[in-house]
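Novice: Take a look at entry.pdb, PDB, C-alpha atoms, pLDDT in the B column:
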ATOM      1  CA  MET A   1     -99.873 -54.887-117.445  1.00 65.00           C
ATOM      2  CA  VAL A   2    -101.950 -51.663-117.209  1.00 68.00           C
ATOM      3  CA  LYS A   3    -104.939 -53.768-116.136  1.00 72.00           C
ATOM      4  CA  ARG A   4    -102.870 -55.402-113.392  1.00 75.00           C
ATOM      5  CA  MET A   5    -101.711 -51.980-112.169  1.00 71.00           C
ATOM      6  CA  LEU A   6    -105.306 -50.686-112.088  1.00 74.00           C
ATOM      7  CA  LYS A   7    -106.356 -53.792-110.137  1.00 77.00           C
ATOM      8  CA  TYR A   8    -103.527 -53.200-107.674  1.00 75.00           C
ATOM      9  CA  GLU A   9    -104.579 -49.558-107.254  1.00 78.00           C
ATOM     10  CA  ALA A  10    -108.230 -50.541-106.733  1.00 82.00           C
ATOM     11  CA  GLU A  11    -107.194 -53.037-104.051  1.00 86.00           C
ATOM     12  CA  ALA A  12    -105.091 -50.370-102.320  1.00 85.00           C
ATOM     13  CA  VAL A  13    -108.119 -48.023-102.226  1.00 87.00           C
ATOM     14  CA  ASP A  14    -110.283 -50.944-100.954  1.00 91.00           C
ATOM     15  CA  ARG A  15    -107.838 -51.458 -98.083  1.00 92.00           C
ATOM     16  CA  VAL A  16    -107.716 -47.778 -97.072  1.00 91.00           C
ATOM     17  CA  PHE A  17    -111.500 -47.385 -97.008  1.00 92.00           C
ATOM     18  CA  HIS A  18    -111.887 -50.676 -95.126  1.00 94.00           C
ATOM     19  CA  ALA A  19    -109.280 -49.468 -92.603  1.00 94.00           C
ATOM     20  CA  VAL A  20    -111.059 -46.168 -91.894  1.00 93.00           C
ATOM     21  CA  ALA A  21    -114.528 -47.822 -91.721  1.00 93.00           C
ATOM     22  CA  ASP A  22    -113.902 -48.489 -88.008  1.00 95.00           C
ATOM     23  CA  ALA A  23    -114.296 -45.817 -85.312  1.00 93.00           C
ATOM     24  CA  ASN A  24    -111.352 -47.134 -83.217  1.00 96.00           C
ATOM     25  CA  ARG A  25    -109.013 -47.078 -86.204  1.00 96.00           C
ATOM     26  CA  ARG A  26    -110.171 -43.542 -87.069  1.00 94.00           C
ATOM     27  CA  ALA A  27    -109.446 -42.545 -83.434  1.00 95.00           C
ATOM     28  CA  ILE A  28    -105.876 -43.909 -83.846  1.00 96.00           C
ATOM     29  CA  ILE A  29    -105.399 -41.841 -87.013  1.00 94.00           C
ATOM     30  CA  GLU A  30    -106.843 -38.712 -85.369  1.00 92.00           C
ATOM     31  CA  ARG A  31    -104.413 -39.186 -82.453  1.00 95.00           C
ATOM     32  CA  LEU A  32    -101.371 -39.790 -84.694  1.00 94.00           C
ATOM     33  CA  THR A  33    -101.973 -36.721 -86.867  1.00 90.00           C
ATOM     34  CA  ARG A  34    -101.097 -34.717 -83.694  1.00 89.00           C
ATOM     35  CA  SER A  35     -97.884 -36.613 -82.775  1.00 91.00           C
ATOM     36  CA  PRO A  36     -96.360 -40.132 -82.773  1.00 94.00           C
ATOM     37  CA  ALA A  37     -97.534 -42.466 -79.972  1.00 97.00           C
ATOM     38  CA  THR A  38     -96.595 -45.826 -78.490  1.00 97.00           C
ATOM     39  CA  VAL A  39     -98.837 -48.886 -78.749  1.00 97.00           C
ATOM     40  CA  SER A  40     -99.590 -48.665 -74.986  1.00 97.00           C
ATOM     41  CA  GLU A  41    -100.621 -45.004 -75.316  1.00 97.00           C
ATOM     42  CA  LEU A  42    -102.966 -45.905 -78.182  1.00 98.00           C
ATOM     43  CA  ALA A  43    -104.440 -48.836 -76.199  1.00 97.00           C
ATOM     44  CA  ALA A  44    -105.083 -46.497 -73.234  1.00 97.00           C
ATOM     45  CA  LEU A  45    -106.723 -43.943 -75.532  1.00 96.00           C
ATOM     46  CA  LEU A  46    -109.105 -46.536 -77.000  1.00 96.00           C
ATOM     47  CA  GLY A  47    -109.701 -48.304 -73.685  1.00 97.00           C
ATOM     48  CA  VAL A  48    -108.984 -51.701 -75.286  1.00 96.00           C
ATOM     49  CA  THR A  49    -106.236 -54.316 -74.809  1.00 97.00           C
ATOM     50  CA  VAL A  50    -102.772 -53.996 -76.345  1.00 96.00           C
ATOM     51  CA  ALA A  51    -103.557 -57.125 -78.417  1.00 97.00           C
ATOM     52  CA  ALA A  52    -106.682 -55.496 -79.902  1.00 97.00           C
ATOM     53  CA  THR A  53    -104.704 -52.312 -80.602  1.00 97.00           C
ATOM     54  CA  VAL A  54    -101.992 -54.306 -82.394  1.00 97.00           C
ATOM     55  CA  GLN A  55    -104.700 -55.857 -84.600  1.00 97.00           C
ATOM     56  CA  HIS A  56    -106.011 -52.411 -85.557  1.00 97.00           C
ATOM     57  CA  LEU A  57    -102.456 -51.187 -86.205  1.00 97.00           C
ATOM     58  CA  ARG A  58    -101.831 -54.138 -88.527  1.00 96.00           C
ATOM     59  CA  VAL A  59    -104.837 -53.119 -90.661  1.00 96.00           C
ATOM     60  CA  LEU A  60    -103.649 -49.490 -90.676  1.00 96.00           C
ATOM     61  CA  GLN A  61    -100.104 -50.499 -91.663  1.00 94.00           C
ATOM     62  CA  ASP A  62    -101.320 -52.809 -94.457  1.00 92.00           C
ATOM     63  CA  SER A  63    -103.209 -49.853 -95.944  1.00 91.00           C
ATOM     64  CA  GLU A  64    -100.167 -47.550 -95.596  1.00 90.00           C
ATOM     65  CA  LEU A  65    -101.934 -45.210 -93.192  1.00 92.00           C
ATOM     66  CA  VAL A  66     -99.550 -45.793 -90.292  1.00 95.00           C
ATOM     67  CA  SER A  67     -95.898 -46.793 -89.992  1.00 94.00           C
ATOM     68  CA  SER A  68     -94.164 -48.005 -86.829  1.00 94.00           C
ATOM     69  CA  GLU A  69     -90.688 -48.590 -85.466  1.00 95.00           C
ATOM     70  CA  LYS A  70     -89.612 -50.720 -82.504  1.00 94.00           C
ATOM     71  CA  VAL A  71     -86.774 -49.490 -80.289  1.00 94.00           C
ATOM     72  CA  GLY A  72     -86.000 -51.852 -77.406  1.00 95.00           C
ATOM     73  CA  ARG A  73     -89.388 -53.020 -76.148  1.00 92.00           C
ATOM     74  CA  VAL A  74     -91.309 -49.932 -77.228  1.00 94.00           C
ATOM     75  CA  ARG A  75     -93.070 -49.682 -80.607  1.00 95.00           C
ATOM     76  CA  THR A  76     -93.757 -46.097 -81.722  1.00 96.00           C
ATOM     77  CA  CYS A  77     -96.404 -45.416 -84.393  1.00 96.00           C
ATOM     78  CA  ARG A  78     -96.656 -42.443 -86.686  1.00 94.00           C
ATOM     79  CA  ILE A  79     -98.989 -41.325 -89.467  1.00 91.00           C
ATOM     80  CA  ASP A  80     -98.104 -42.196 -93.069  1.00 86.00           C
ATOM     81  CA  PRO A  81     -99.925 -39.706 -95.315  1.00 78.00           C
ATOM     82  CA  ALA A  82     -99.731 -41.710 -98.576  1.00 77.00           C
ATOM     83  CA  GLY A  83    -102.837 -43.823 -97.929  1.00 79.00           C
ATOM     84  CA  LEU A  84    -104.969 -40.885 -96.783  1.00 81.00           C
ATOM     85  CA  HIS A  85    -104.094 -38.945 -99.900  1.00 82.00           C
ATOM     86  CA  ASN A  86    -105.343 -41.587-102.369  1.00 79.00           C
ATOM     87  CA  ALA A  87    -108.637 -42.111-100.554  1.00 82.00           C
ATOM     88  CA  GLU A  88    -109.288 -38.377-100.303  1.00 84.00           C
ATOM     89  CA  ALA A  89    -108.427 -37.909-103.996  1.00 85.00           C
ATOM     90  CA  TRP A  90    -111.017 -40.516-105.035  1.00 85.00           C
ATOM     91  CA  LEU A  91    -113.790 -38.903-102.946  1.00 85.00           C
ATOM     92  CA  THR A  92    -112.925 -35.398-104.167  1.00 86.00           C
ATOM     93  CA  ARG A  93    -112.986 -36.590-107.789  1.00 87.00           C
ATOM     94  CA  GLN A  94    -116.527 -37.943-107.334  1.00 87.00           C
ATOM     95  CA  ARG A  95    -117.785 -34.776-105.664  1.00 83.00           C
ATOM     96  CA  THR A  96    -116.312 -32.470-108.292  1.00 85.00           C
ATOM     97  CA  ALA A  97    -117.671 -34.637-111.151  1.00 84.00           C
ATOM     98  CA  TRP A  98    -121.092 -34.415-109.540  1.00 80.00           C
ATOM     99  CA  GLU A  99    -120.894 -30.638-108.955  1.00 82.00           C
ATOM    100  CA  LEU A 100    -119.789 -30.123-112.558  1.00 81.00           C
ATOM    101  CA  ARG A 101    -122.884 -31.993-113.702  1.00 79.00           C
ATOM    102  CA  LEU A 102    -125.084 -29.822-111.456  1.00 75.00           C
ATOM    103  CA  ASP A 103    -123.489 -26.689-112.945  1.00 78.00           C
ATOM    104  CA  ARG A 104    -124.185 -27.917-116.486  1.00 76.00           C
ATOM    105  CA  LEU A 105    -127.784 -28.791-115.514  1.00 71.00           C
ATOM    106  CA  GLY A 106    -128.154 -25.320-113.983  1.00 76.00           C
ATOM    107  CA  ALA A 107    -126.875 -23.707-117.187  1.00 77.00           C
ATOM    108  CA  VAL A 108    -129.293 -25.743-119.346  1.00 74.00           C
ATOM    109  CA  LEU A 109    -132.255 -24.918-117.088  1.00 73.00           C
ATOM    110  CA  GLY A 110    -131.232 -21.230-117.087  1.00 78.00           C
ATOM    111  CA  ASP A 111    -131.186 -21.164-120.903  1.00 78.00           C
ATOM    112  CA  GLU A 112    -134.596 -22.850-121.055  1.00 75.00           C
ATOM    113  CA  ALA A 113    -136.060 -20.339-118.589  1.00 77.00           C
ATOM    114  CA  LYS A 114    -134.726 -17.467-120.732  1.00 77.00           C
ATOM    115  CA  GLU A 115    -136.179 -18.984-123.912  1.00 76.00           C
ATOM    116  CA  SER A 116    -139.622 -19.575-122.389  1.00 74.00           C
ATOM    117  CA  GLY A 117    -139.531 -16.010-120.981  1.00 65.00           C
ATOM    118  CA  ARG A 118    -139.099 -14.523-124.454  1.00 55.00           C
TER     119      ARG A 118
ATOM    120  CA  MET B   1    -127.590 -37.222 -75.606  1.00 65.00           C
ATOM    121  CA  VAL B   2    -124.480 -35.655 -77.200  1.00 66.00           C
ATOM    122  CA  LYS B   3    -122.698 -38.997 -76.780  1.00 72.00           C
ATOM    123  CA  ARG B   4    -125.532 -40.775 -78.574  1.00 74.00           C
ATOM    124  CA  MET B   5    -125.394 -38.254 -81.435  1.00 71.00           C
ATOM    125  CA  LEU B   6    -121.608 -38.707 -81.759  1.00 74.00           C
ATOM    126  CA  LYS B   7    -122.087 -42.497 -81.818  1.00 77.00           C
ATOM    127  CA  TYR B   8    -124.725 -42.128 -84.540  1.00 75.00           C
ATOM    128  CA  GLU B   9    -122.391 -39.913 -86.579  1.00 78.00           C
ATOM    129  CA  ALA B  10    -119.491 -42.367 -86.150  1.00 82.00           C
ATOM    130  CA  GLU B  11    -121.715 -45.221 -87.367  1.00 86.00           C
ATOM    131  CA  ALA B  12    -122.778 -43.163 -90.393  1.00 85.00           C
ATOM    132  CA  VAL B  13    -119.096 -42.577 -91.294  1.00 87.00           C
ATOM    133  CA  ASP B  14    -118.397 -46.324 -90.728  1.00 91.00           C
ATOM    134  CA  ARG B  15    -121.160 -47.164 -93.235  1.00 92.00           C
ATOM    135  CA  VAL B  16    -119.929 -44.744 -95.918  1.00 91.00           C
ATOM    136  CA  PHE B  17    -116.317 -45.963 -95.761  1.00 93.00           C
ATOM    137  CA  HIS B  18    -117.470 -49.596 -95.732  1.00 94.00           C
ATOM    138  CA  ALA B  19    -119.647 -48.863 -98.784  1.00 94.00           C
ATOM    139  CA  VAL B  20    -116.799 -47.358-100.821  1.00 93.00           C
ATOM    140  CA  ALA B  21    -114.302 -50.091 -99.787  1.00 93.00           C
ATOM    141  CA  ASP B  22    -115.547 -52.189-102.735  1.00 95.00           C
ATOM    142  CA  ALA B  23    -114.430 -51.587-106.330  1.00 93.00           C
ATOM    143  CA  ASN B  24    -117.858 -52.475-107.808  1.00 96.00           C
ATOM    144  CA  ARG B  25    -119.647 -50.040-105.523  1.00 96.00           C
ATOM    145  CA  ARG B  26    -117.101 -47.337-106.369  1.00 94.00           C
ATOM    146  CA  ALA B  27    -117.764 -48.062-110.081  1.00 95.00           C
ATOM    147  CA  ILE B  28    -121.505 -47.508-109.464  1.00 96.00           C
ATOM    148  CA  ILE B  29    -120.792 -44.150-107.772  1.00 94.00           C
ATOM    149  CA  GLU B  30    -118.426 -43.099-110.589  1.00 92.00           C
ATOM    150  CA  ARG B  31    -121.133 -43.943-113.131  1.00 95.00           C
ATOM    151  CA  LEU B  32    -123.913 -42.116-111.246  1.00 94.00           C
ATOM    152  CA  THR B  33    -121.919 -38.896-110.806  1.00 90.00           C
ATOM    153  CA  ARG B  34    -122.261 -38.557-114.613  1.00 89.00           C
ATOM    154  CA  SER B  35    -126.037 -39.221-114.849  1.00 92.00           C
ATOM    155  CA  PRO B  36    -128.811 -41.355-113.279  1.00 95.00           C
ATOM    156  CA  ALA B  37    -128.969 -44.995-114.432  1.00 97.00           C
ATOM    157  CA  THR B  38    -131.317 -47.967-114.173  1.00 97.00           C
ATOM    158  CA  VAL B  39    -130.433 -51.098-112.204  1.00 97.00           C
ATOM    159  CA  SER B  40    -130.056 -53.073-115.473  1.00 97.00           C
ATOM    160  CA  GLU B  41    -127.651 -50.473-116.872  1.00 97.00           C
ATOM    161  CA  LEU B  42    -125.555 -50.681-113.707  1.00 98.00           C
ATOM    162  CA  ALA B  43    -125.578 -54.510-113.813  1.00 97.00           C
ATOM    163  CA  ALA B  44    -124.392 -54.409-117.454  1.00 97.00           C
ATOM    164  CA  LEU B  45    -121.635 -51.943-116.542  1.00 96.00           C
ATOM    165  CA  LEU B  46    -120.326 -54.176-113.735  1.00 96.00           C
ATOM    166  CA  GLY B  47    -120.833 -57.413-115.671  1.00 97.00           C
ATOM    167  CA  VAL B  48    -122.668 -58.982-112.706  1.00 96.00           C
ATOM    168  CA  THR B  49    -126.268 -60.164-112.140  1.00 97.00           C
ATOM    169  CA  VAL B  50    -129.128 -57.798-111.341  1.00 96.00           C
ATOM    170  CA  ALA B  51    -129.417 -59.523-107.926  1.00 97.00           C
ATOM    171  CA  ALA B  52    -125.770 -58.756-107.097  1.00 97.00           C
ATOM    172  CA  THR B  53    -126.237 -55.165-108.276  1.00 97.00           C
ATOM    173  CA  VAL B  54    -129.306 -54.765-106.041  1.00 97.00           C
ATOM    174  CA  GLN B  55    -127.207 -55.953-103.070  1.00 97.00           C
ATOM    175  CA  HIS B  56    -124.550 -53.312-103.795  1.00 97.00           C
ATOM    176  CA  LEU B  57    -127.246 -50.644-104.229  1.00 97.00           C
ATOM    177  CA  ARG B  58    -128.728 -51.552-100.839  1.00 97.00           C
ATOM    178  CA  VAL B  59    -125.350 -50.899 -99.165  1.00 96.00           C
ATOM    179  CA  LEU B  60    -125.014 -47.606-101.064  1.00 96.00           C
ATOM    180  CA  GLN B  61    -128.533 -46.501-100.109  1.00 95.00           C
ATOM    181  CA  ASP B  62    -128.026 -47.407 -96.416  1.00 92.00           C
ATOM    182  CA  SER B  63    -124.983 -45.123 -96.364  1.00 91.00           C
ATOM    183  CA  GLU B  64    -126.898 -42.319 -98.141  1.00 90.00           C
ATOM    184  CA  LEU B  65    -124.611 -42.380-101.165  1.00 92.00           C
ATOM    185  CA  VAL B  66    -127.325 -43.314-103.664  1.00 95.00           C
ATOM    186  CA  SER B  67    -131.092 -42.804-103.831  1.00 94.00           C
ATOM    187  CA  SER B  68    -133.486 -44.619-106.147  1.00 94.00           C
ATOM    188  CA  GLU B  69    -137.037 -44.384-107.425  1.00 95.00           C
ATOM    189  CA  LYS B  70    -139.173 -47.054-109.041  1.00 94.00           C
ATOM    190  CA  VAL B  71    -141.528 -46.082-111.872  1.00 94.00           C
ATOM    191  CA  GLY B  72    -143.475 -49.040-113.296  1.00 95.00           C
ATOM    192  CA  ARG B  73    -140.965 -51.886-113.460  1.00 92.00           C
ATOM    193  CA  VAL B  74    -137.880 -49.699-113.800  1.00 94.00           C
ATOM    194  CA  ARG B  75    -135.814 -48.525-110.815  1.00 95.00           C
ATOM    195  CA  THR B  76    -133.646 -45.470-111.539  1.00 96.00           C
ATOM    196  CA  CYS B  77    -130.681 -44.675-109.289  1.00 96.00           C
ATOM    197  CA  ARG B  78    -129.031 -41.341-108.721  1.00 94.00           C
ATOM    198  CA  ILE B  79    -126.166 -40.024-106.608  1.00 91.00           C
ATOM    199  CA  ASP B  80    -126.935 -38.582-103.172  1.00 86.00           C
ATOM    200  CA  PRO B  81    -124.064 -36.251-102.244  1.00 78.00           C
ATOM    201  CA  ALA B  82    -124.679 -36.146 -98.437  1.00 77.00           C
ATOM    202  CA  GLY B  83    -122.737 -39.321 -97.632  1.00 79.00           C
ATOM    203  CA  LEU B  84    -119.757 -38.451 -99.842  1.00 81.00           C
ATOM    204  CA  HIS B  85    -119.462 -35.059 -98.205  1.00 82.00           C
ATOM    205  CA  ASN B  86    -119.096 -36.402 -94.624  1.00 79.00           C
ATOM    206  CA  ALA B  87    -116.484 -39.000 -95.583  1.00 82.00           C
ATOM    207  CA  GLU B  88    -114.451 -36.478 -97.563  1.00 84.00           C
ATOM    208  CA  ALA B  89    -114.650 -33.957 -94.689  1.00 85.00           C
ATOM    209  CA  TRP B  90    -113.203 -36.495 -92.244  1.00 85.00           C
ATOM    210  CA  LEU B  91    -110.268 -37.363 -94.540  1.00 85.00           C
ATOM    211  CA  THR B  92    -109.542 -33.700 -95.289  1.00 86.00           C
ATOM    212  CA  ARG B  93    -109.556 -32.889 -91.560  1.00 87.00           C
ATOM    213  CA  GLN B  94    -106.903 -35.559 -90.907  1.00 87.00           C
ATOM    214  CA  ARG B  95    -104.701 -34.411 -93.775  1.00 83.00           C
ATOM    215  CA  THR B  96    -104.840 -30.732 -92.798  1.00 85.00           C
ATOM    216  CA  ALA B  97    -104.134 -31.561 -89.125  1.00 84.00           C
ATOM    217  CA  TRP B  98    -101.106 -33.510 -90.253  1.00 80.00           C
ATOM    218  CA  GLU B  99     -99.880 -30.786 -92.636  1.00 82.00           C
ATOM    219  CA  LEU B 100    -100.288 -28.184 -89.885  1.00 81.00           C
ATOM    220  CA  ARG B 101     -98.070 -30.302 -87.638  1.00 79.00           C
ATOM    221  CA  LEU B 102     -95.459 -30.585 -90.417  1.00 75.00           C
ATOM    222  CA  ASP B 103     -95.522 -26.783 -90.830  1.00 78.00           C
ATOM    223  CA  ARG B 104     -94.969 -26.295 -87.088  1.00 77.00           C
ATOM    224  CA  LEU B 105     -92.130 -28.852 -87.128  1.00 71.00           C
ATOM    225  CA  GLY B 106     -90.595 -27.041 -90.100  1.00 76.00           C
ATOM    226  CA  ALA B 107     -90.790 -23.717 -88.253  1.00 77.00           C
ATOM    227  CA  VAL B 108     -89.151 -25.212 -85.135  1.00 74.00           C
ATOM    228  CA  LEU B 109     -86.361 -26.827 -87.168  1.00 73.00           C
ATOM    229  CA  GLY B 110     -85.846 -23.542 -89.061  1.00 78.00           C
ATOM    230  CA  ASP B 111     -85.453 -21.631 -85.791  1.00 78.00           C
ATOM    231  CA  GLU B 112     -82.985 -24.214 -84.470  1.00 75.00           C
ATOM    232  CA  ALA B 113     -80.934 -24.025 -87.667  1.00 77.00           C
ATOM    233  CA  LYS B 114     -80.797 -20.223 -87.347  1.00 77.00           C
ATOM    234  CA  GLU B 115     -79.729 -20.425 -83.700  1.00 76.00           C
ATOM    235  CA  SER B 116     -76.981 -22.981 -84.333  1.00 74.00           C
ATOM    236  CA  GLY B 117     -75.811 -20.815 -87.268  1.00 66.00           C
ATOM    237  CA  ARG B 118     -75.237 -17.846 -84.966  1.00 55.00           C
TER     238      ARG B 118
END
Have the structure of the file written as structure tokens, please.

Specialist:
Amino acid sequence: MVKRMLKYEAEAVDRVFHAVADANRRAIIERLTRSPATVSELAALLGVTVAATVQHLRVLQDSELVSSEKVGRVRTCRIDPAGLHNAEAWLTRQRTAWELRLDRLGAVLGDEAKESGR
Amino acid sequence: MVKRMLKYEAEAVDRVFHAVADANRRAIIERLTRSPATVSELAALLGVTVAATVQHLRVLQDSELVSSEKVGRVRTCRIDPAGLHNAEAWLTRQRTAWELRLDRLGAVLGDEAKESGR
């Protein structure tokens, strides 16, 4: 059960990083952090077809980075912060683990320098 | 010139996010933030062949997440923090832009509530 949950979490992180590994999809996210936008507005921003934009939006929605709502014939997209948060948390954890190790190395080297200076 | 530099930067971010969109490659990074490791140690950790591990390491080195050095027949890998930093900075920028917008929205809604309360 725990193993299945971990696998599910790992797959969710896979999806988010895959989604943001594309410059057009990152441009969509950058745009939506400012305000919601329609699919046509996003297509115009990227300079690609509506069909291509819909494909990118599907990837972003599957990774819970974007949500959308259709009213009449207009689909409006907005940012969904849940996905961003998990991906950022993973990266921050790695950086802090690495910095902690550097600090410990620095402390050890400092002690050795003091001892050899005696 | 500036455009070419921006394109190069975007491709570098593409590579980093692609590299970390795989659970095995994330496991390698998690391991290396603790201490350097040989290719065989990493293969044993993942439970995959040395050849498969070398493939993952190539992706990680291309995105400047890992560096390695061969002494005799043993290749030792270590974390390279440059790549992690850029990817984390992009994610943090999106989150803070989004939070800033929420704060502004909150302020506007607060003002409206006050006015309608008058």

Novice: How many Å separate CA of Leu45 in chain A from CA of His85 in chain A?

Specialist: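 Here the two named atoms are 25.0 Å from each other.
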
Novice: Residues of chain A within 8 Å of chain B, using only C-alpha atoms, as JSON, numbers by chain?

Specialist: {"A": [10, 11, 13, 14, 15, 16, 17, 18, 20, 21, 22, 23, 29, 30, 33, 34, 35, 81, 84, 85, 87, 88, 91, 92, 94, 95, 97, 98, 101]}

Novice: What's the 12 Å shell around Arg58 in chain B, counting all atoms listed in the file, without same-chain residues fewer than 6 positions away, as a ChimeraX atom specification?

Specialist: /B:15,19,25,28,39,51-52,64-68,77

Novice: What would the file look like if the residues just selected were written as an mmCIF file, keeping the file's coordinate frame with C-alpha atoms?

Specialist:
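The resulting selection.cif:
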data_model
loop_
_atom_site.group_PDB
_atom_site.id
_atom_site.type_symbol
_atom_site.label_atom_id
_atom_site.label_comp_id
_atom_site.auth_asym_id
_atom_site.auth_seq_id
_atom_site.Cartn_x
_atom_site.Cartn_y
_atom_site.Cartn_z
ATOM 1 C CA ARG B 15 -121.160 -47.164 -93.235
ATOM 2 C CA ALA B 19 -119.647 -48.863 -98.784
ATOM 3 C CA ARG B 25 -119.647 -50.040 -105.523
ATOM 4 C CA ILE B 28 -121.505 -47.508 -109.464
ATOM 5 C CA VAL B 39 -130.433 -51.098 -112.204
ATOM 6 C CA ALA B 51 -129.417 -59.523 -107.926
ATOM 7 C CA ALA B 52 -125.770 -58.756 -107.097
ATOM 8 C CA GLU B 64 -126.898 -42.319 -98.141
ATOM 9 C CA LEU B 65 -124.611 -42.380 -101.165
ATOM 10 C CA VAL B 66 -127.325 -43.314 -103.664
ATOM 11 C CA SER B 67 -131.092 -42.804 -103.831
ATOM 12 C CA SER B 68 -133.486 -44.619 -106.147
ATOM 13 C CA CYS B 77 -130.681 -44.675 -109.289
#

Novice: To box range 42-47 of chain A, take all atoms listed in the file, fit an axis-aligned box, add 4 Å on each side, and give centre and edge lengths in Å to one decimal, as JSON.

Specialist:
{"center_x": -106.3, "center_y": -46.4, "center_z": -75.7, "size_x": 14.7, "size_y": 12.9, "size_z": 12.9}

Novice: Tell me, in Å to one decimal, how far CA of Arg78 in chain B is from CA of Ala43 in chain B.

Specialist: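 Result for CA of Arg78 in chain B versus CA of Ala43 in chain B: 14.5 Å, one decimal.
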
Novice: By how many Å are CA of Ala27 in chain A and CA of Leu46 in chain A apart?

Specialist: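 Between these atoms lies a distance of 7.6 Å.
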
Novice: Convert the output of the PyMOL selection byres ((chain B and resi 71-74) around 9) on the shown file into explicit residues, formatted as a PyMOL selection string.

Specialist: chain B and resi 38-40+69-70+75-76
